[in-house]
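Shown next, in C-alpha cells, is the structure this report addresses.
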Amino acid sequence: MPYSSVLGHTEIVGNLRSMVESSRMPHALLFTEKGGYGALPLVLGTLAHMFGNSPKVSRLVHPDIHFIFPINTSTLVGGDKRGEVELFYPLWRELVMKNPYFSEADLYKAFGIENKSGTISVAEASSIIRKMSLSSYEGGAKVMLIMFPERMTLECANKLLKNLEEPGSGTYYFLISHNPEKIISTIISRCRIIEVPPIGKEIVEQELKRRASLSDEDASFWAKCSGGSIGKALELIGREEEQSDNYNIFVSILEGALQKDLCALTDIWEQIASYGKERQKELCTEGEEILRKLYMLSLGLDNLSYAPANERNQLEALQKRINVEFYRKGYGYLNDALECIERNVNPKFIFCDLCNRIYCNI
C-alpha cells in the first residue's frame with residue numbers, strides 16, 4: 001500500500017516520508033488511534049516507502065517484514081503451541097487486503113475466535129526476538145509490526161523491553177494500538193508515539209461510495225455517524241443491512257426494565273453470560289451507542305442521533321418512556337461492566353448486576 005493509497009493524514013504522511021528519506025526513522029514507533037482511523041494504512045505506506053515500493057510489501061509477503069497479532073491458541077487442533085501465529089497468517093493477510101481499517105473484533109471474527117479473547121504470549125515474544133536477530137533476507141531493514149500491543153501479557157511485554165530499547169542496526173518495530181492506556185508504561189517509554197486523528201468527513205464519504213457503492217445522501221449520513229472512522233462506518237452499514245443481535249438484546253433489556261419484568265431480565269442476563277468475552281464487550285459498546293442515540297432524540301437533536309431508518313421509530317418511542325436522568329447513569333453502568341469483563345469477573349455477576357441497576361434506575 002503506497003502513500004498514495006493512504007486516506008487523509010497528509011501531515012503524518014509527510015513526516016513519515018521525511019523520516020524514511022533522511023534515515024531518521026525511530027527504531028520503535030507506536031501509532032495510537034480509535035479503530036478505523038487509518039493507522040495500519042499509514043504503517044503499510046511507510047513500509048512500502050522503506051522497501052522501495054516492492055510488490056512483496058503490498059502483498060504482505062516480504063521476507064523481512066514480520067507480523068504479530070493477538071490470537072487464541074485454544075482453537076488449534078492438537079494443542080500445538082509452536083509457531084501458532086504463522087497458522088493465522090493467511091487469514092490475517094486476507095483481512096488486511098480486504099479492509100485495512102478493521103477493529104480488534106473484526107480480527108477475531110476473521111480468525112473464528114469471536115467468542116474468545118486474543119493475547120500475545122511470551123512464546124510470541126521469543127519468536128519476535130528470534131526473527132529479529134537473524135540477518136536481513138534481502139540485505140536491508142528488518143521490521144516487526146505488532147498489532148494491538150495492549151494484548152501482550154506482562155511476561156511478553158517485559159521480555160521485549162530490551163529489544164525495543166536497544167534494537168540491532170536496521171531493525172524497526174511498528175506498534176498499532178486502539179487502547180494505549182492498557183500498554184505498560186515501560187513499553188510506551190521506549191517508543192516514539194504518533195497519534196492518528198479521525199479522517200475528514202469528505203474523505204470518509206468518498207471511500208464509502210467507493211467501497212459500499214452508496215448514494216451521495218447515504219454516504220454523507222454514514223460519514224457523519226462514523227466519527228472519522230472508516231472501519232466504524234463500514235460496521236454501521238453492515239448493521240443497518242441486518243439489524244444486529246446486540247441491538248435487539250440491549251433494547252430488550254431496556255424494555256424489560258421499563259415493564260418491571262424480572263423474569264425476562266433474568267433470561268436475558270443468563271443468555272449474555274453464556275457469550276464469549278469479546279461478544280459481551282461488543283454488546284456493552286452497542287448499548288452505549290444506543291443510549292447516546294436515545295439521549296439525542298430526547299433532547300430533540302434528531303440530526304445528531306444518527307439513528308438509521310430501521311431503528312428510528314423504535315428508538316423515538318422508547319425515549320419517551322425513559323427518564324432523561326437515566327442516560328448518564330446507564331452509560332456509567334455499561335462502562336463498569338466493560339471494566340469488569342476486562343478483569344475477568346464472573347460474567348453472571350456482571351450482567352445480573354447490570355440488568356438490576358438498569359431495572360432500578362430507568
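By convention here, the chains of the C-alpha cells are called A, B, ... in the order presented, each chain's residues are numbered starting at 1, and ligands are numbered starting at 1 in the order presented.
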Neighbours of A:Leu354 within 8 Å (only C-alpha atoms; same-chain residues fewer than 3 positions away dropped), as a CSV table (one decimal) with N, CA, C and O atoms, in the first residue's frame?
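The resulting around.csv:
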```csv
chain,number,residue,atom,x,y,z
A,333,TYR,N,-23.0,2.5,34.0
A,333,TYR,CA,-23.2,1.1,34.3
A,333,TYR,C,-22.5,0.2,33.2
A,333,TYR,O,-21.9,-0.8,33.6
A,334,LEU,N,-22.7,0.7,32.0
A,334,LEU,CA,-22.0,-0.1,30.9
A,334,LEU,C,-20.5,0.0,30.9
A,334,LEU,O,-19.8,-1.0,30.7
A,337,ALA,N,-19.4,-2.4,33.5
A,337,ALA,CA,-19.5,-3.7,33.0
A,337,ALA,C,-18.3,-4.1,32.1
A,337,ALA,O,-17.7,-5.2,32.2
A,350,ILE,N,-21.6,-9.9,36.5
A,350,ILE,CA,-21.5,-8.7,35.8
A,350,ILE,C,-22.9,-8.4,35.2
A,350,ILE,O,-23.4,-7.2,35.4
A,351,PHE,N,-23.5,-9.3,34.5
A,351,PHE,CA,-24.8,-9.0,33.8
A,351,PHE,C,-26.0,-9.1,34.6
A,351,PHE,O,-27.0,-8.4,34.3
A,357,ARG,N,-29.2,-2.9,38.0
A,357,ARG,CA,-29.0,-1.5,38.1
A,357,ARG,C,-29.9,-0.7,37.1
A,357,ARG,O,-30.5,0.4,37.4
A,358,ILE,N,-30.0,-1.2,35.9
A,358,ILE,CA,-30.9,-0.6,34.9
A,358,ILE,C,-32.4,-0.7,35.3
A,358,ILE,O,-33.1,0.3,35.3
```
Residues near stretch 246-251 of chain A, anyone? I mean within 7 Å using only C-alpha atoms, not counting same-chain ones fewer than 5 positions away, as a CSV table (one decimal) with N, CA and C atoms, in the first residue's frame.
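So the final result, stored in out_3.csv, reads:
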```csv
chain,number,residue,atom,x,y,z
A,283,LEU,N,-21.5,-6.1,23.0
A,283,LEU,CA,-22.9,-5.8,23.4
A,283,LEU,C,-22.9,-4.5,24.3
A,286,GLU,N,-22.3,-1.5,22.1
A,286,GLU,CA,-23.5,-1.2,21.3
A,286,GLU,C,-24.6,-0.6,22.2
A,287,GLY,N,-24.6,-1.0,23.5
A,287,GLY,CA,-25.5,-0.4,24.5
A,287,GLY,C,-25.2,1.0,24.7
```
Can you check which residues of stretch 26-148 of chain A DSSP gives as strand (DSSP E) on the backbone and send them as a list in words?
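Those residues are Ala28, Leu29, Leu30, Phe31, Thr32, Ile65, His66, Phe67, Ile68, Lys142, Val143, Met144, Leu145, Ile146 and Met147 of chain A.
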Give me a file of those residues, with N, CA, C and O atoms, as a PDB file, in the first residue's frame.
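The new file again11.pdb reads:
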```
ATOM      1  N   ALA A  28      11.504   2.377  17.165  1.00  0.00           N
ATOM      2  CA  ALA A  28      10.234   1.878  17.714  1.00  0.00           C
ATOM      3  C   ALA A  28       9.198   2.986  17.620  1.00  0.00           C
ATOM      4  O   ALA A  28       9.349   4.045  18.233  1.00  0.00           O
ATOM      5  N   LEU A  29       8.146   2.747  16.831  1.00  0.00           N
ATOM      6  CA  LEU A  29       7.076   3.720  16.638  1.00  0.00           C
ATOM      7  C   LEU A  29       5.762   3.119  17.128  1.00  0.00           C
ATOM      8  O   LEU A  29       5.411   1.996  16.746  1.00  0.00           O
ATOM      9  N   LEU A  30       5.049   3.858  17.967  1.00  0.00           N
ATOM     10  CA  LEU A  30       3.734   3.419  18.451  1.00  0.00           C
ATOM     11  C   LEU A  30       2.669   4.334  17.871  1.00  0.00           C
ATOM     12  O   LEU A  30       2.638   5.527  18.168  1.00  0.00           O
ATOM     13  N   PHE A  31       1.799   3.766  17.023  1.00  0.00           N
ATOM     14  CA  PHE A  31       0.676   4.507  16.448  1.00  0.00           C
ATOM     15  C   PHE A  31      -0.549   4.248  17.320  1.00  0.00           C
ATOM     16  O   PHE A  31      -0.935   3.094  17.527  1.00  0.00           O
ATOM     17  N   THR A  32      -1.148   5.316  17.815  1.00  0.00           N
ATOM     18  CA  THR A  32      -2.358   5.173  18.637  1.00  0.00           C
ATOM     19  C   THR A  32      -3.540   5.789  17.889  1.00  0.00           C
ATOM     20  O   THR A  32      -3.414   6.816  17.234  1.00  0.00           O
ATOM     21  N   ILE A  65       9.660  -8.420   6.605  1.00  0.00           N
ATOM     22  CA  ILE A  65       8.587  -7.776   7.368  1.00  0.00           C
ATOM     23  C   ILE A  65       7.773  -8.868   8.053  1.00  0.00           C
ATOM     24  O   ILE A  65       7.229  -9.757   7.396  1.00  0.00           O
ATOM     25  N   HIS A  66       7.706  -8.792   9.369  1.00  0.00           N
ATOM     26  CA  HIS A  66       7.031  -9.816  10.159  1.00  0.00           C
ATOM     27  C   HIS A  66       5.843  -9.207  10.893  1.00  0.00           C
ATOM     28  O   HIS A  66       5.844  -8.015  11.228  1.00  0.00           O
ATOM     29  N   PHE A  67       4.852 -10.022  11.162  1.00  0.00           N
ATOM     30  CA  PHE A  67       3.614  -9.546  11.791  1.00  0.00           C
ATOM     31  C   PHE A  67       3.292 -10.379  13.023  1.00  0.00           C
ATOM     32  O   PHE A  67       3.378 -11.606  13.005  1.00  0.00           O
ATOM     33  N   ILE A  68       2.911  -9.685  14.088  1.00  0.00           N
ATOM     34  CA  ILE A  68       2.436 -10.336  15.308  1.00  0.00           C
ATOM     35  C   ILE A  68       1.094  -9.704  15.683  1.00  0.00           C
ATOM     36  O   ILE A  68       0.930  -8.481  15.599  1.00  0.00           O
ATOM     37  N   LYS A 142      14.924  -4.733   8.680  1.00  0.00           N
ATOM     38  CA  LYS A 142      14.037  -5.774   9.201  1.00  0.00           C
ATOM     39  C   LYS A 142      12.973  -5.079  10.035  1.00  0.00           C
ATOM     40  O   LYS A 142      13.282  -4.183  10.820  1.00  0.00           O
ATOM     41  N   VAL A 143      11.725  -5.504   9.866  1.00  0.00           N
ATOM     42  CA  VAL A 143      10.608  -4.827  10.531  1.00  0.00           C
ATOM     43  C   VAL A 143       9.700  -5.840  11.218  1.00  0.00           C
ATOM     44  O   VAL A 143       9.411  -6.905  10.662  1.00  0.00           O
ATOM     45  N   MET A 144       9.254  -5.475  12.411  1.00  0.00           N
ATOM     46  CA  MET A 144       8.226  -6.248  13.113  1.00  0.00           C
ATOM     47  C   MET A 144       7.045  -5.332  13.369  1.00  0.00           C
ATOM     48  O   MET A 144       7.185  -4.281  13.994  1.00  0.00           O
ATOM     49  N   LEU A 145       5.879  -5.692  12.835  1.00  0.00           N
ATOM     50  CA  LEU A 145       4.644  -4.946  13.077  1.00  0.00           C
ATOM     51  C   LEU A 145       3.830  -5.694  14.126  1.00  0.00           C
ATOM     52  O   LEU A 145       3.463  -6.856  13.921  1.00  0.00           O
ATOM     53  N   ILE A 146       3.552  -5.033  15.241  1.00  0.00           N
ATOM     54  CA  ILE A 146       2.784  -5.640  16.329  1.00  0.00           C
ATOM     55  C   ILE A 146       1.425  -4.954  16.400  1.00  0.00           C
ATOM     56  O   ILE A 146       1.327  -3.775  16.731  1.00  0.00           O
ATOM     57  N   MET A 147       0.381  -5.694  16.065  1.00  0.00           N
ATOM     58  CA  MET A 147      -0.979  -5.177  16.154  1.00  0.00           C
ATOM     59  C   MET A 147      -1.523  -5.410  17.561  1.00  0.00           C
ATOM     60  O   MET A 147      -1.398  -6.494  18.107  1.00  0.00           O
TER      61      MET A 147
END
```
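Among the candidate residues A:Ala125, A:Leu254, A:Leu214, A:Ile193, the one lying nearest to A:Lys162 is A:Ala125, with distances computed using only C-alpha atoms.
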Near-A:Thr171 list (7 Å; only C-alpha atoms; drop same-chain fewer than 2 positions) as a list in words
His27, Ala141, Lys142, Val143, Pro167, Gly168 and Ser169 of chain A
Okay, now the selection with all heavy atoms, as an mmCIF file, in the first residue's frame?
```cif
data_model
loop_
_atom_site.group_PDB
_atom_site.id
_atom_site.type_symbol
_atom_site.label_atom_id
_atom_site.label_comp_id
_atom_site.auth_asym_id
_atom_site.auth_seq_id
_atom_site.Cartn_x
_atom_site.Cartn_y
_atom_site.Cartn_z
ATOM 1 N N HIS A 27 13.561 3.601 15.896
ATOM 2 C CA HIS A 27 13.560 2.142 15.878
ATOM 3 C C HIS A 27 12.299 1.546 16.488
ATOM 4 O O HIS A 27 12.061 0.346 16.350
ATOM 5 C CB HIS A 27 14.805 1.614 16.595
ATOM 6 C CG HIS A 27 16.048 1.752 15.776
ATOM 7 N ND1 HIS A 27 16.400 0.860 14.791
ATOM 8 C CD2 HIS A 27 17.003 2.706 15.776
ATOM 9 C CE1 HIS A 27 17.534 1.246 14.225
ATOM 10 N NE2 HIS A 27 17.917 2.367 14.804
ATOM 11 N N ALA A 141 16.543 -3.412 5.700
ATOM 12 C CA ALA A 141 15.934 -3.303 7.022
ATOM 13 C C ALA A 141 15.143 -4.569 7.374
ATOM 14 O O ALA A 141 14.757 -5.353 6.500
ATOM 15 C CB ALA A 141 15.008 -2.095 7.070
ATOM 16 N N LYS A 142 14.924 -4.733 8.680
ATOM 17 C CA LYS A 142 14.037 -5.774 9.201
ATOM 18 C C LYS A 142 12.973 -5.079 10.035
ATOM 19 O O LYS A 142 13.282 -4.183 10.820
ATOM 20 C CB LYS A 142 14.798 -6.766 10.074
ATOM 21 C CG LYS A 142 15.862 -7.573 9.352
ATOM 22 C CD LYS A 142 16.619 -8.456 10.333
ATOM 23 C CE LYS A 142 17.409 -7.605 11.329
ATOM 24 N NZ LYS A 142 18.184 -8.431 12.279
ATOM 25 N N VAL A 143 11.725 -5.504 9.866
ATOM 26 C CA VAL A 143 10.608 -4.827 10.531
ATOM 27 C C VAL A 143 9.700 -5.840 11.218
ATOM 28 O O VAL A 143 9.411 -6.905 10.662
ATOM 29 C CB VAL A 143 9.787 -3.995 9.527
ATOM 30 C CG1 VAL A 143 8.528 -3.429 10.183
ATOM 31 C CG2 VAL A 143 10.628 -2.863 8.937
ATOM 32 N N PRO A 167 17.477 -2.087 19.813
ATOM 33 C CA PRO A 167 17.338 -2.977 18.649
ATOM 34 C C PRO A 167 18.632 -2.978 17.838
ATOM 35 O O PRO A 167 19.426 -2.043 17.894
ATOM 36 C CB PRO A 167 16.189 -2.343 17.861
ATOM 37 C CG PRO A 167 16.242 -0.898 18.235
ATOM 38 C CD PRO A 167 16.696 -0.848 19.664
ATOM 39 N N GLY A 168 18.821 -4.029 17.071
ATOM 40 C CA GLY A 168 20.003 -4.093 16.223
ATOM 41 C C GLY A 168 19.937 -3.081 15.093
ATOM 42 O O GLY A 168 18.899 -2.483 14.814
ATOM 43 N N SER A 169 21.040 -2.901 14.429
ATOM 44 C CA SER A 169 21.110 -1.955 13.317
ATOM 45 C C SER A 169 20.129 -2.359 12.211
ATOM 46 O O SER A 169 20.041 -3.535 11.844
ATOM 47 C CB SER A 169 22.536 -1.925 12.762
ATOM 48 O OG SER A 169 22.614 -1.091 11.635
#
```
Give me, as JSON, numbers by chain, all polymer residues having an atom no more than 9 Å from A:Leu161, counting only C-alpha atoms and skipping those fewer than 6 positions away in the same chain.
{"A": [186, 187, 190]}
Output for the residues just chosen: C-alpha atoms as a compact mmCIF listing (two decimals), in the first residue's frame:
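Full text of result-v1.txt as output:
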```txt
# COMPACT_ATOMS: atom_id res chain seq x y z
CA THR A 186 7.91 0.77 30.11
CA ILE A 187 6.86 -0.25 26.58
CA ARG A 190 10.63 3.14 24.52
```
Surrounding residues of stretch 316-324 of chain A excluding itself and chain neighbours under 3 positions, 8 Å, only C-alpha atoms, as a list in words
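So the residues in contact are Leu258, Leu294, Tyr295, Leu297, Ser298, Arg312, Asn313, Tyr327 and Ile362 of chain A.
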Using only C-alpha atoms, find each residue of stretch 130-249 of chain A with at least one atom at most 12 Å away from an atom of stretch 80-104 of chain A; report its shortest atom-to-atom pair and that distance in Å (one decimal), sort the rows by chain and rising residue number, and return the result as a Markdown table.
```
| residue | atom | partner | partner_atom | distance |
| --- | --- | --- | --- | --- |
| A:Arg130 | CA | A:Gly83 | CA | 11.8 |
| A:Lys131 | CA | A:Gly83 | CA | 11.7 |
| A:Ile146 | CA | A:Val85 | CA | 11.8 |
| A:Met147 | CA | A:Glu104 | CA | 9.0 |
| A:Phe148 | CA | A:Glu104 | CA | 7.7 |
| A:Pro149 | CA | A:Glu104 | CA | 11.3 |
| A:Glu150 | CA | A:Glu104 | CA | 11.0 |
| A:Arg151 | CA | A:Glu104 | CA | 10.2 |
| A:Ile176 | CA | A:Glu104 | CA | 11.0 |
| A:Ser177 | CA | A:Glu104 | CA | 9.7 |
| A:His178 | CA | A:Glu104 | CA | 8.3 |
| A:Asn179 | CA | A:Glu104 | CA | 10.4 |
| A:Pro198 | CA | A:Tyr101 | CA | 11.9 |
| A:Ile199 | CA | A:Tyr101 | CA | 11.3 |
| A:Val204 | CA | A:Tyr101 | CA | 11.6 |
| A:Glu207 | CA | A:Tyr101 | CA | 11.5 |
| A:Arg211 | CA | A:Asn99 | CA | 9.7 |
| A:Ala212 | CA | A:Asn99 | CA | 12.0 |
| A:Gly228 | CA | A:Tyr101 | CA | 11.4 |
| A:Ser229 | CA | A:Tyr101 | CA | 8.0 |
| A:Ile230 | CA | A:Tyr101 | CA | 6.4 |
| A:Gly231 | CA | A:Tyr101 | CA | 4.8 |
| A:Lys232 | CA | A:Ser103 | CA | 8.3 |
| A:Ala233 | CA | A:Tyr101 | CA | 10.1 |
| A:Leu234 | CA | A:Tyr101 | CA | 9.2 |
| A:Glu235 | CA | A:Phe102 | CA | 9.2 |
```
From stretch 209-347 of chain A, collect each residue whose DSSP state is helix (DSSP H, G or I) and return the set as a PyMOL selection string.
chain A and resi 209-212+216-226+230-241+245-258+262-273+277-298+302-305+309-319+326-342+347
